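**Q** So I've got this file, target_17.txt, and it contains compact mmCIF, C-alpha atoms (C1' of nucleotides):
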```txt
# COMPACT_ATOMS: atom_id res chain seq x y z
CA MET A 1 -20.59 -8.23 21.90
CA ALA A 2 -19.07 -5.52 19.83
CA SER A 3 -20.31 -3.13 22.47
CA GLN A 4 -21.95 -0.32 20.52
CA ALA A 5 -19.12 2.00 21.48
CA ARG A 6 -16.62 -0.27 19.79
CA GLN A 7 -18.83 -0.53 16.74
CA ARG A 8 -19.12 3.21 16.57
CA LEU A 9 -15.36 3.60 16.70
CA LEU A 10 -14.90 0.89 14.09
CA ASP A 11 -17.35 2.51 11.71
CA ALA A 12 -15.56 5.81 12.09
CA ALA A 13 -12.20 4.11 11.56
CA VAL A 14 -13.41 2.45 8.36
CA GLN A 15 -14.80 5.74 7.20
CA GLN A 16 -11.47 7.40 7.82
CA ALA A 17 -9.63 4.56 6.08
CA LEU A 18 -11.90 4.93 3.07
CA GLU A 19 -10.80 8.52 2.77
CA SER A 20 -7.09 8.33 3.30
CA GLY A 21 -6.05 4.72 3.57
CA ILE A 22 -4.56 2.85 6.45
CA ALA A 23 -0.86 3.44 5.97
CA ASP A 24 -0.68 6.69 7.84
CA LEU A 25 -3.71 6.09 9.99
CA SER A 26 -2.54 7.07 13.46
CA LEU A 27 -4.56 6.45 16.56
CA ARG A 28 -4.31 10.06 17.61
CA GLU A 29 -5.43 11.52 14.31
CA LEU A 30 -8.27 9.06 14.07
CA ALA A 31 -9.36 9.69 17.64
CA ALA A 32 -9.32 13.42 17.07
CA ALA A 33 -11.41 13.01 13.93
CA ILE A 34 -13.93 10.92 15.82
CA GLY A 35 -13.94 13.12 18.86
CA THR A 36 -12.40 10.86 21.45
CA SER A 37 -8.94 10.05 22.70
CA HIS A 38 -6.51 7.53 21.25
CA ARG A 39 -6.67 5.86 24.61
CA MET A 40 -10.14 4.57 23.77
CA LEU A 41 -9.03 2.98 20.54
CA ILE A 42 -6.41 1.05 22.43
CA TYR A 43 -9.01 0.16 25.01
CA HIS A 44 -11.49 -1.25 22.54
CA PHE A 45 -9.13 -2.86 20.05
CA GLY A 46 -6.17 -3.73 22.22
CA SER A 47 -3.65 -2.11 19.93
CA ARG A 48 -3.31 -0.36 16.66
CA GLU A 49 -2.85 -3.72 15.01
CA GLY A 50 -6.08 -4.94 16.55
CA LEU A 51 -7.83 -1.99 15.02
CA LEU A 52 -6.34 -2.74 11.62
CA VAL A 53 -7.50 -6.31 11.89
CA ALA A 54 -11.03 -5.14 12.59
CA VAL A 55 -10.94 -2.68 9.71
CA ALA A 56 -9.55 -5.31 7.35
CA GLN A 57 -12.29 -7.75 8.30
CA ALA A 58 -14.96 -5.15 7.77
CA VAL A 59 -13.58 -4.27 4.35
CA GLU A 60 -13.25 -7.88 3.38
CA THR A 61 -16.82 -8.60 4.41
CA THR A 62 -18.11 -5.67 2.38
CA GLN A 63 -16.01 -6.70 -0.57
CA ARG A 64 -17.23 -10.25 -0.36
CA SER A 65 -20.84 -9.17 -0.26
CA LEU A 66 -20.14 -7.34 -3.49
CA VAL A 67 -19.63 -10.45 -5.57
CA PHE A 68 -23.17 -11.01 -6.53
CA GLY A 69 -26.22 -9.40 -5.12
CA PRO A 70 -29.37 -11.25 -6.07
CA GLY A 71 -29.14 -14.76 -7.45
CA SER A 72 -26.80 -16.17 -10.03
CA PRO A 73 -26.15 -13.90 -12.99
CA THR A 74 -26.21 -15.88 -16.16
CA SER A 75 -27.24 -13.43 -18.80
CA ASP A 76 -25.05 -10.74 -20.26
CA LYS A 77 -27.52 -8.27 -18.85
CA ASP A 78 -26.92 -9.45 -15.29
CA VAL A 79 -23.19 -9.32 -15.76
CA ARG A 80 -23.35 -5.86 -17.20
CA ALA A 81 -25.44 -4.70 -14.27
CA PHE A 82 -22.86 -6.21 -11.96
CA TRP A 83 -20.09 -4.35 -13.72
CA LYS A 84 -22.02 -1.12 -13.69
CA ARG A 85 -22.49 -1.48 -9.97
CA ILE A 86 -18.91 -2.22 -9.01
CA SER A 87 -17.41 0.33 -11.36
CA SER A 88 -19.47 3.12 -9.87
CA PRO A 89 -17.39 5.99 -8.49
CA LYS A 90 -19.26 5.61 -5.23
CA LEU A 91 -17.40 2.37 -4.69
CA TRP A 92 -13.95 3.66 -5.58
CA PRO A 93 -12.93 4.45 -2.01
CA GLN A 94 -13.98 0.98 -1.01
CA GLU A 95 -11.93 -0.53 -3.80
CA ARG A 96 -8.92 1.64 -3.19
CA LEU A 97 -8.93 0.50 0.39
CA PHE A 98 -9.40 -3.10 -0.65
CA PHE A 99 -6.34 -2.96 -2.85
CA GLU A 100 -4.31 -1.19 -0.21
CA LEU A 101 -5.11 -3.95 2.24
CA TYR A 102 -4.40 -6.51 -0.46
CA VAL A 103 -0.92 -5.13 -0.99
CA HIS A 104 -0.33 -4.85 2.73
CA ALA A 105 -1.24 -8.47 3.12
CA VAL A 106 0.97 -9.52 0.21
CA LEU A 107 3.82 -7.72 1.94
CA ASP A 108 3.07 -9.60 5.14
CA ARG A 109 2.43 -6.50 7.15
CA PRO A 110 0.91 -7.02 10.58
CA GLY A 111 -2.85 -6.70 10.88
CA THR A 112 -3.72 -8.34 7.60
CA GLU A 113 -3.06 -11.96 8.42
CA GLY A 114 -5.69 -14.12 6.79
CA PHE A 115 -6.88 -11.32 4.56
CA LEU A 116 -5.67 -13.18 1.49
CA ASP A 117 -6.94 -16.56 2.57
CA ASN A 118 -9.88 -16.81 0.23
CA ILE A 119 -9.45 -13.58 -1.62
CA VAL A 120 -9.48 -15.34 -4.98
CA GLU A 121 -11.24 -18.51 -3.99
CA SER A 122 -14.33 -16.87 -2.56
CA TRP A 123 -15.02 -15.26 -5.93
CA VAL A 124 -13.96 -18.17 -8.10
CA THR A 125 -16.18 -20.77 -6.47
CA PRO A 126 -19.57 -19.11 -6.99
CA ILE A 127 -18.67 -17.95 -10.47
CA ALA A 128 -17.46 -21.39 -11.48
CA ALA A 129 -20.63 -22.89 -10.04
CA VAL A 130 -22.70 -20.97 -12.55
CA ALA A 131 -20.65 -22.29 -15.45
CA MET A 132 -20.80 -25.84 -14.09
CA GLU A 133 -24.56 -25.71 -13.92
CA ALA A 134 -24.40 -25.04 -17.64
CA GLY A 135 -22.44 -28.25 -18.10
CA ALA A 136 -18.79 -27.15 -18.01
CA ASP A 137 -16.29 -29.42 -16.36
CA GLU A 138 -14.84 -28.22 -13.09
CA ARG A 139 -11.26 -27.53 -14.13
CA THR A 140 -12.28 -25.42 -17.08
CA ALA A 141 -14.99 -23.62 -15.18
CA ARG A 142 -12.59 -22.73 -12.41
CA ALA A 143 -9.92 -21.46 -14.81
CA ASP A 144 -12.49 -19.35 -16.60
CA ALA A 145 -13.81 -18.01 -13.32
CA ARG A 146 -10.31 -17.18 -12.16
CA LEU A 147 -9.74 -15.31 -15.38
CA SER A 148 -12.92 -13.32 -14.95
CA VAL A 149 -11.92 -12.33 -11.42
CA ALA A 150 -8.59 -11.11 -12.77
CA VAL A 151 -10.36 -9.18 -15.50
CA VAL A 152 -12.63 -7.42 -13.04
CA ARG A 153 -9.84 -6.61 -10.60
CA GLY A 154 -7.43 -5.59 -13.32
CA LEU A 155 -9.98 -3.28 -14.86
CA ILE A 156 -10.87 -1.78 -11.50
CA LEU A 157 -7.19 -1.10 -10.97
CA ASP A 158 -7.15 0.64 -14.33
CA LEU A 159 -10.25 2.56 -13.35
CA LEU A 160 -8.75 3.76 -10.08
CA ALA A 161 -5.68 5.03 -11.89
CA THR A 162 -7.29 6.61 -14.91
CA GLY A 163 -10.84 7.35 -13.79
CA ASP A 164 -11.83 6.57 -17.36
CA ARG A 165 -14.97 4.59 -16.70
CA LYS A 166 -16.08 4.70 -20.29
CA GLY A 167 -12.84 3.32 -21.72
CA VAL A 168 -12.59 0.66 -19.06
CA THR A 169 -16.18 -0.38 -19.64
CA ALA A 170 -15.45 -0.69 -23.33
CA ALA A 171 -12.64 -3.10 -22.48
CA PHE A 172 -14.99 -5.04 -20.23
CA ASP A 173 -17.50 -5.30 -23.06
CA ARG A 174 -14.78 -6.72 -25.27
CA TYR A 175 -14.24 -9.37 -22.66
CA LEU A 176 -17.91 -10.26 -22.55
CA ARG A 177 -17.94 -10.49 -26.30
CA GLN A 178 -14.99 -12.85 -26.32
CA VAL A 179 -16.57 -15.04 -23.68
CA ARG A 180 -19.79 -15.19 -25.63
CA ILE A 181 -18.07 -16.10 -28.89
CA ALA A 182 -15.79 -18.65 -27.27
CA ALA A 183 -18.75 -20.23 -25.49
CA SER A 184 -20.83 -20.62 -28.60
CA ALA A 185 -17.92 -21.87 -30.68
CA GLY A 186 -16.10 -23.60 -27.84
CA THR A 187 -17.84 -26.94 -27.58
CA GLY A 188 -16.56 -27.91 -30.97
CA LEU A 189 -12.95 -26.90 -30.39
CA ARG A 190 -10.05 -28.53 -28.66
CA ASP A 191 -8.18 -26.38 -26.19
CA GLY A 192 -4.44 -26.37 -25.51
CA MET B 1 25.31 13.30 -12.95
CA ALA B 2 23.68 10.96 -10.44
CA SER B 3 27.08 10.91 -8.84
CA GLN B 4 27.96 7.29 -8.30
CA ALA B 5 27.44 7.66 -4.58
CA ARG B 6 23.84 8.68 -5.14
CA GLN B 7 23.35 5.83 -7.58
CA ARG B 8 24.77 3.37 -5.10
CA LEU B 9 22.39 4.57 -2.41
CA LEU B 10 19.47 4.45 -4.82
CA ASP B 11 20.24 0.89 -5.86
CA ALA B 12 20.41 -0.13 -2.24
CA ALA B 13 17.16 1.69 -1.51
CA VAL B 14 15.39 -0.08 -4.36
CA GLN B 15 16.79 -3.37 -3.15
CA GLN B 16 15.48 -2.71 0.32
CA ALA B 17 12.09 -1.63 -1.07
CA LEU B 18 11.89 -4.84 -3.08
CA GLU B 19 12.23 -6.77 0.14
CA SER B 20 9.93 -4.96 2.49
CA GLY B 21 8.11 -2.28 0.59
CA ILE B 22 8.21 1.45 0.98
CA ALA B 23 5.56 2.10 3.58
CA ASP B 24 7.77 1.58 6.59
CA LEU B 25 11.00 2.41 4.88
CA SER B 26 12.70 4.77 7.28
CA LEU B 27 15.83 6.68 6.41
CA ARG B 28 17.63 5.36 9.47
CA GLU B 29 16.82 1.71 8.89
CA LEU B 30 17.76 1.99 5.27
CA ALA B 31 20.98 3.81 6.04
CA ALA B 32 21.93 1.20 8.59
CA ALA B 33 21.23 -1.59 6.11
CA ILE B 34 23.40 0.10 3.52
CA GLY B 35 26.11 1.01 5.97
CA THR B 36 25.87 4.77 6.01
CA SER B 37 23.98 7.38 7.98
CA HIS B 38 20.51 8.69 7.28
CA ARG B 39 22.17 12.06 6.92
CA MET B 40 23.59 10.98 3.57
CA LEU B 41 20.22 9.99 2.20
CA ILE B 42 18.92 13.45 2.95
CA TYR B 43 22.05 14.87 1.43
CA HIS B 44 21.69 13.04 -1.85
CA PHE B 45 17.93 13.03 -2.24
CA GLY B 46 16.95 16.19 -0.42
CA SER B 47 14.32 14.49 1.71
CA ARG B 48 12.63 11.20 2.26
CA GLU B 49 10.09 12.14 -0.34
CA GLY B 50 12.86 12.82 -2.83
CA LEU B 51 14.15 9.34 -2.21
CA LEU B 52 10.71 7.86 -2.77
CA VAL B 53 10.40 9.74 -6.03
CA ALA B 54 13.69 8.29 -7.20
CA VAL B 55 12.70 4.79 -6.15
CA ALA B 56 9.32 5.12 -7.85
CA GLN B 57 10.92 6.27 -11.07
CA ALA B 58 13.37 3.40 -11.00
CA VAL B 59 10.60 0.89 -10.44
CA GLU B 60 8.44 2.42 -13.15
CA THR B 61 11.32 2.29 -15.62
CA THR B 62 11.98 -1.34 -14.85
CA GLN B 63 8.30 -2.14 -15.12
CA ARG B 64 8.00 -0.36 -18.42
CA SER B 65 10.96 -2.21 -19.86
CA LEU B 66 9.10 -5.37 -18.97
CA VAL B 67 6.29 -4.90 -21.47
CA PHE B 68 7.93 -6.53 -24.38
CA GLY B 69 11.50 -7.52 -24.74
CA PRO B 70 12.46 -8.26 -28.32
CA GLY B 71 10.17 -7.21 -31.14
CA SER B 72 6.42 -7.43 -31.39
CA PRO B 73 4.93 -10.66 -30.13
CA THR B 74 2.26 -11.84 -32.49
CA SER B 75 2.18 -15.58 -32.08
CA ASP B 76 0.74 -17.41 -29.13
CA LYS B 77 4.21 -18.71 -28.50
CA ASP B 78 5.62 -15.21 -28.00
CA VAL B 79 2.79 -14.27 -25.71
CA ARG B 80 3.23 -17.41 -23.68
CA ALA B 81 6.94 -16.69 -23.35
CA PHE B 82 6.06 -13.19 -22.18
CA TRP B 83 3.71 -14.57 -19.58
CA LYS B 84 6.22 -17.13 -18.42
CA ARG B 85 8.75 -14.39 -17.95
CA ILE B 86 6.60 -11.97 -16.00
CA SER B 87 5.01 -14.63 -13.84
CA SER B 88 8.36 -15.90 -12.69
CA PRO B 89 8.83 -15.84 -8.92
CA LYS B 90 12.03 -13.93 -9.47
CA LEU B 91 9.91 -10.96 -10.52
CA TRP B 92 7.45 -11.15 -7.66
CA PRO B 93 9.26 -8.63 -5.47
CA GLN B 94 9.35 -6.23 -8.39
CA GLU B 95 5.65 -6.66 -8.96
CA ARG B 96 4.74 -6.40 -5.30
CA LEU B 97 6.60 -3.12 -5.16
CA PHE B 98 4.96 -1.96 -8.36
CA PHE B 99 1.51 -2.54 -6.94
CA GLU B 100 2.42 -0.93 -3.65
CA LEU B 101 3.52 2.19 -5.50
CA TYR B 102 0.41 1.97 -7.66
CA VAL B 103 -1.82 2.03 -4.61
CA HIS B 104 0.21 4.79 -3.00
CA ALA B 105 -0.23 6.86 -6.12
CA VAL B 106 -3.95 6.14 -6.29
CA LEU B 107 -4.19 7.37 -2.71
CA ASP B 108 -2.32 10.53 -3.68
CA ARG B 109 0.49 9.96 -1.27
CA PRO B 110 3.52 12.21 -1.66
CA GLY B 111 6.42 10.91 -3.69
CA THR B 112 4.36 9.17 -6.33
CA GLU B 113 3.13 12.12 -8.33
CA GLY B 114 3.13 11.24 -11.99
CA PHE B 115 3.55 7.56 -11.31
CA LEU B 116 0.12 6.83 -12.78
CA ASP B 117 0.47 9.15 -15.73
CA ASN B 118 0.95 6.51 -18.40
CA ILE B 119 0.62 3.45 -16.28
CA VAL B 120 -2.08 1.99 -18.52
CA GLU B 121 -1.39 3.94 -21.67
CA SER B 122 2.24 2.90 -22.00
CA TRP B 123 1.16 -0.73 -22.20
CA VAL B 124 -1.95 -0.24 -24.25
CA THR B 125 -0.34 1.67 -27.08
CA PRO B 126 2.28 -0.88 -28.14
CA ILE B 127 -0.11 -3.78 -27.70
CA ALA B 128 -2.81 -2.07 -29.71
CA ALA B 129 -0.25 -1.28 -32.39
CA VAL B 130 0.30 -4.97 -32.99
CA ALA B 131 -3.41 -5.57 -33.48
CA MET B 132 -3.73 -2.58 -35.78
CA GLU B 133 -0.95 -3.87 -37.98
CA ALA B 134 -3.15 -6.91 -38.42
CA GLY B 135 -5.94 -4.67 -39.65
CA ALA B 136 -8.02 -3.96 -36.56
CA ASP B 137 -9.55 -0.53 -36.19
CA GLU B 138 -8.06 1.66 -33.49
CA ARG B 139 -10.94 1.79 -31.05
CA THR B 140 -11.36 -1.95 -30.96
CA ALA B 141 -7.64 -2.57 -30.81
CA ARG B 142 -7.24 -0.23 -27.89
CA ALA B 143 -10.14 -1.74 -25.97
CA ASP B 144 -8.74 -5.20 -26.53
CA ALA B 145 -5.29 -4.07 -25.48
CA ARG B 146 -6.68 -2.46 -22.36
CA LEU B 147 -8.42 -5.67 -21.53
CA SER B 148 -5.24 -7.67 -21.95
CA VAL B 149 -3.36 -5.33 -19.62
CA ALA B 150 -6.06 -5.82 -17.03
CA VAL B 151 -5.87 -9.57 -17.49
CA VAL B 152 -2.13 -9.61 -16.94
CA ARG B 153 -2.23 -7.32 -13.93
CA GLY B 154 -5.25 -9.03 -12.43
CA LEU B 155 -3.62 -12.41 -12.77
CA ILE B 156 -0.35 -11.16 -11.32
CA LEU B 157 -2.33 -9.85 -8.37
CA ASP B 158 -3.84 -13.31 -7.99
CA LEU B 159 -0.38 -14.82 -8.27
CA LEU B 160 1.06 -12.61 -5.56
CA ALA B 161 -1.75 -13.56 -3.21
CA THR B 162 -1.95 -17.27 -3.89
CA GLY B 163 1.46 -18.16 -5.28
CA ASP B 164 -0.38 -20.65 -7.45
CA ARG B 165 1.50 -20.14 -10.68
CA LYS B 166 0.05 -23.21 -12.28
CA GLY B 167 -3.56 -22.30 -11.64
CA VAL B 168 -3.04 -18.72 -12.69
CA THR B 169 -1.28 -19.82 -15.86
CA ALA B 170 -4.22 -22.07 -16.64
CA ALA B 171 -6.48 -19.03 -16.39
CA PHE B 172 -4.16 -17.10 -18.67
CA ASP B 173 -4.29 -19.91 -21.20
CA ARG B 174 -8.05 -19.71 -21.16
CA TYR B 175 -7.75 -16.07 -22.01
CA LEU B 176 -5.46 -16.79 -24.94
CA ARG B 177 -7.86 -19.40 -26.16
CA GLN B 178 -10.76 -16.97 -26.03
CA VAL B 179 -8.80 -14.35 -27.89
CA ARG B 180 -7.86 -16.84 -30.55
CA ILE B 181 -11.41 -18.06 -31.04
CA ALA B 182 -12.89 -14.59 -31.03
CA ALA B 183 -10.30 -13.41 -33.54
CA SER B 184 -10.94 -16.22 -35.97
CA ALA B 185 -14.71 -15.96 -35.66
CA GLY B 186 -14.79 -12.23 -35.04
CA THR B 187 -14.58 -10.76 -38.50
CA GLY B 188 -17.94 -12.20 -39.35
CA LEU B 189 -19.72 -11.05 -36.20
CA ARG B 190 -21.24 -7.83 -35.09
CA ASP B 191 -20.31 -6.62 -31.65
CA GLY B 192 -22.55 -4.76 -29.19
C1' DT C 1 49.15 27.59 -0.40
C1' DC C 2 44.49 29.07 -0.40
C1' DG C 3 39.58 28.69 -1.42
C1' DG C 4 36.00 26.13 -2.92
C1' DT C 5 33.29 21.99 -3.55
C1' DA C 6 31.75 17.37 -2.93
C1' DC C 7 31.11 14.05 0.51
C1' DC C 8 30.37 12.22 5.00
C1' DG C 9 29.61 11.48 10.21
C1' DT C 10 28.00 12.94 15.01
C1' DA C 11 25.02 15.11 17.69
C1' DC C 12 21.10 17.22 18.23
C1' DC C 13 16.14 19.03 17.60
C1' DA C 14 11.15 19.10 17.81
C1' DG C 15 7.48 16.34 16.82
C1' DT C 16 4.80 12.15 16.67
C1' DC C 17 4.03 7.59 17.61
C1' DG C 18 1.87 3.39 20.26
C1' DG C 19 1.17 2.12 24.70
C1' DT C 20 0.54 2.51 29.91
C1' DA C 21 -0.48 4.25 34.75
C1' DC C 22 -3.75 6.21 37.22
C1' DA C 23 -7.83 8.51 38.41
C1' DT C 24 -12.57 9.17 37.47
C1' DG C 25 -17.31 8.49 36.31
C1' DT C 26 -21.32 5.56 35.78
C1' DA C 27 -24.50 1.98 36.08
C1' DC C 28 -26.11 -2.12 37.55
C1' DC C 29 -26.29 -5.90 41.17
C1' DG C 30 -26.09 -7.76 45.80
C1' DC D 1 -25.06 1.03 50.99
C1' DG D 2 -20.79 -1.43 48.91
C1' DG D 3 -18.86 -3.70 45.16
C1' DT D 4 -17.73 -4.56 40.62
C1' DA D 5 -17.38 -4.17 35.74
C1' DC D 6 -17.29 -1.13 31.93
C1' DA D 7 -16.07 3.13 29.99
C1' DT D 8 -13.41 7.31 29.57
C1' DG D 9 -9.98 11.17 30.15
C1' DT D 10 -5.23 13.11 31.45
C1' DA D 11 -0.70 12.78 31.75
C1' DC D 12 3.08 10.54 30.88
C1' DC D 13 6.87 7.26 28.83
C1' DG D 14 10.40 5.63 25.75
C1' DA D 15 11.19 4.99 21.05
C1' DC D 16 11.55 6.54 16.65
C1' DT D 17 10.95 9.89 12.95
C1' DG D 18 12.62 13.41 9.28
C1' DG D 19 15.45 17.13 9.22
C1' DT D 20 19.38 20.35 10.61
C1' DA D 21 23.80 22.41 12.57
C1' DC D 22 28.25 21.84 12.56
C1' DG D 23 32.59 20.03 11.92
C1' DG D 24 35.60 17.29 9.40
C1' DT D 25 38.16 15.22 5.21
C1' DA D 26 39.75 14.88 0.57
C1' DC D 27 40.30 16.48 -3.79
C1' DC D 28 40.89 20.21 -7.48
C1' DG D 29 41.89 24.59 -9.79
C1' DA D 30 44.15 29.10 -9.18
```
Please render this file's structure as structure tokens.
**A**
Amino acid sequence: MASQARQRLLDAAVQQALESGIADLSLRELAAAIGTSHRMLIYHFGSREGLLVAVAQAVETTQRSLVFGPGSPTSDKDVRAFWKRISSPKLWPQERLFFELYVHAVLDRPGTEGFLDNIVESWVTPIAAVAMEAGADERTARADARLSVAVVRGLILDLLATGDRKGVTAAFDRYLRQVRIAASAGTGLRDG
Amino acid sequence: MASQARQRLLDAAVQQALESGIADLSLRELAAAIGTSHRMLIYHFGSREGLLVAVAQAVETTQRSLVFGPGSPTSDKDVRAFWKRISSPKLWPQERLFFELYVHAVLDRPGTEGFLDNIVESWVTPIAAVAMEAGADERTARADARLSVAVVRGLILDLLATGDRKGVTAAFDRYLRQVRIAASAGTGLRDG
DNA sequence: TCGGTACCGTACCAGTCGGTACATGTACCG
DNA sequence: CGGTACATGTACCGACTGGTACGGTACCGA
């Protein structure tokens, strides 16, 4: 399937979306940038919406593959490497596009159905699994994981707006510090 | 100034934007919904972009007034009340629109110039001020404040996608717990 | 009464959009 | 050779867009 030609068009479309977003992505402009006619985009994707669906899926797949590269990160060092990777300016276009699609989906715009389906869950589950291996109960582990996803996404949002990687990383380090302290002190404390 | 008529149109425009966003907000549709002609929107705002600027400013003002209502929240109780307020479904449209504008601005779309200017700073400063009153040094206080902004925004993003207020609130509570533990244990620890 | 100013609607413009009709080319299969 | 499926381009369509020209109405100060 996916007929080479279609894949080529899709890659180019994603590339274009990474540069200028999807909101004002017109078939004609895109086709001109690729070097074909908008007719072909309709042919291969059925409609503009079909193209958006394909782009959204591609972005979501990439984003999902970002969660964790090799193995389960348990040490601070692994987590810091993870942060360093996803906060790299090279990934900013990818993340900008991710958030644009996110907002589109939240606003129920056509072409992003299903985009939100596991957008939190697919990160929470593997992260919580790591904590549960260390003996945490499921409810707590999942809440903590959900928090960490929010931290990462919130800080990336900050990063995209300010570009201040150093300051944002400092905030991330504060988070790691808190987690570490709470973990070492936590077993002896009641929580609310 | 702002000539009543203009204000009326602006209010209606914001209302419309709260419902369906700004991306496909056309002057004609909006005018029809308000009960006037798109000519009047051009008349009062100069252009579509001028209207977007006005809407963005209105949203930013509202959002900024959201930070803290009365006084400086220091106790967990205050912070929890704050969270309860901003996570209320009644505010979801406001927050959806905020994030849509945020993304638009990140993508450098016209009409949102300056929207990002203090989008992190204006939250960080007052929050850090509270911590500094309690004796924290500025750098640490600001990093912690920046983290808390990311937590709130990241969790709101989660909330908008999943609608799971309970689960998201549980994650927020975990954050508060961490902060509390780290604060009580923190003075005696070195950080990295 | 006159001139100006604020406000508003109708009608129009040129441009762009997504989508379609139709013709064409090409390559493989019988 | 014919047929058939895929791929592609050109030319077009109706709809919608932001913006403008123009004309009108109502008020206000001179």
**Q** Residues near DT8 (chain D), anyone? I mean within 9 Å using all atoms listed in the file, not counting same-chain ones fewer than 4 positions away, as a compact mmCIF listing (two decimals) with C-alpha atoms (C1' of nucleotides), in the frame of the given file.
**A**
```
# COMPACT_ATOMS: atom_id res chain seq x y z
CA THR A 36 -12.40 10.86 21.45
CA SER A 37 -8.94 10.05 22.70
CA ARG A 39 -6.67 5.86 24.61
CA MET A 40 -10.14 4.57 23.77
C1' DT C 24 -12.57 9.17 37.47
C1' DG C 25 -17.31 8.49 36.31
```
**Q** Would you write out, as a tab-separated table, a table of all residues in chain A that have an atom no more than 12 Å from an atom of chain C, listing for each the closest atom pair and the distance in Å to one decimal, considering only C-alpha atoms (C1' of nucleotides) and ordering rows by chain and rising residue number?
**A**
```
residue	atom	partner	partner_atom	distance
A:Asp24	CA	C:DC17	C1'	10.9
A:Leu25	CA	C:DC17	C1'	11.0
A:Ser26	CA	C:DC17	C1'	7.8
A:Leu27	CA	C:DG18	C1'	8.0
A:Arg28	CA	C:DC17	C1'	8.7
A:Glu29	CA	C:DT16	C1'	10.5
A:His38	CA	C:DG18	C1'	9.4
A:Arg39	CA	C:DG19	C1'	8.7
A:Met40	CA	C:DG19	C1'	11.6
A:Leu41	CA	C:DG18	C1'	10.9
A:Ile42	CA	C:DG19	C1'	8.0
A:Tyr43	CA	C:DG19	C1'	10.4
A:Gly46	CA	C:DG19	C1'	9.7
A:Ser47	CA	C:DG18	C1'	7.8
A:Arg48	CA	C:DG18	C1'	7.3
A:Glu49	CA	C:DG18	C1'	10.0
```
**Q** Taking all atoms of region 25-28 of chain D that the file lists, what box with edges along x, y and z, padded by 6 Å per side, do you get, with centre and edge lengths in Å to one decimal, as JSON?
**A**
```
{"center_x": 39.5, "center_y": 17.5, "center_z": -1.1, "size_x": 14.7, "size_y": 17.3, "size_z": 24.7}
```
**Q** Under the rule that all atoms listed in the file are counted, which of D:DC1, D:DC12, D:DC28, D:DA7 is the nearest residue to chain A?
**A**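 Of D:DC1, D:DC12, D:DC28, D:DA7, the one nearest chain A, counting all atoms listed in the file, is D:DA7.
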**Q** Given the choices B:Leu9, B:Val79, B:Ala58, B:Ile22, which gets closest to chain A if the distance is worked out from all atoms listed in the file?
**A**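 Among the listed residues, the smallest separation from chain A belongs to B:Ile22.
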**Q** Considering all atoms listed in the file, extract the chain D residues located within 12 Å of chain B and return them as a list in words.
**A**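 Every residue of chain D that passes the 12 Å test is in DC16, DT17, DG18, DG19, DT20 and DA21 of chain D.
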**Q** To one decimal in Å, tell me the separation between CA of Met132 (chain A) and CA of Arg146 (chain A).
**A** 13.7 Å
**Q** Of the residues A:Leu116, A:Leu52, A:Ala134, A:Ile127, which is the one nearest to chain B, using all atoms listed in the file?
**A** A:Leu116
**Q** What's the separation between CA of Leu101 (chain B) and CA of Gln15 (chain A), in Å to one decimal place?
**A** 22.6 Å
**Q** Just how far from CA of Gly114 (chain B) is CA of Glu60 (chain A), in Å to one decimal?
**A** 29.5 Å
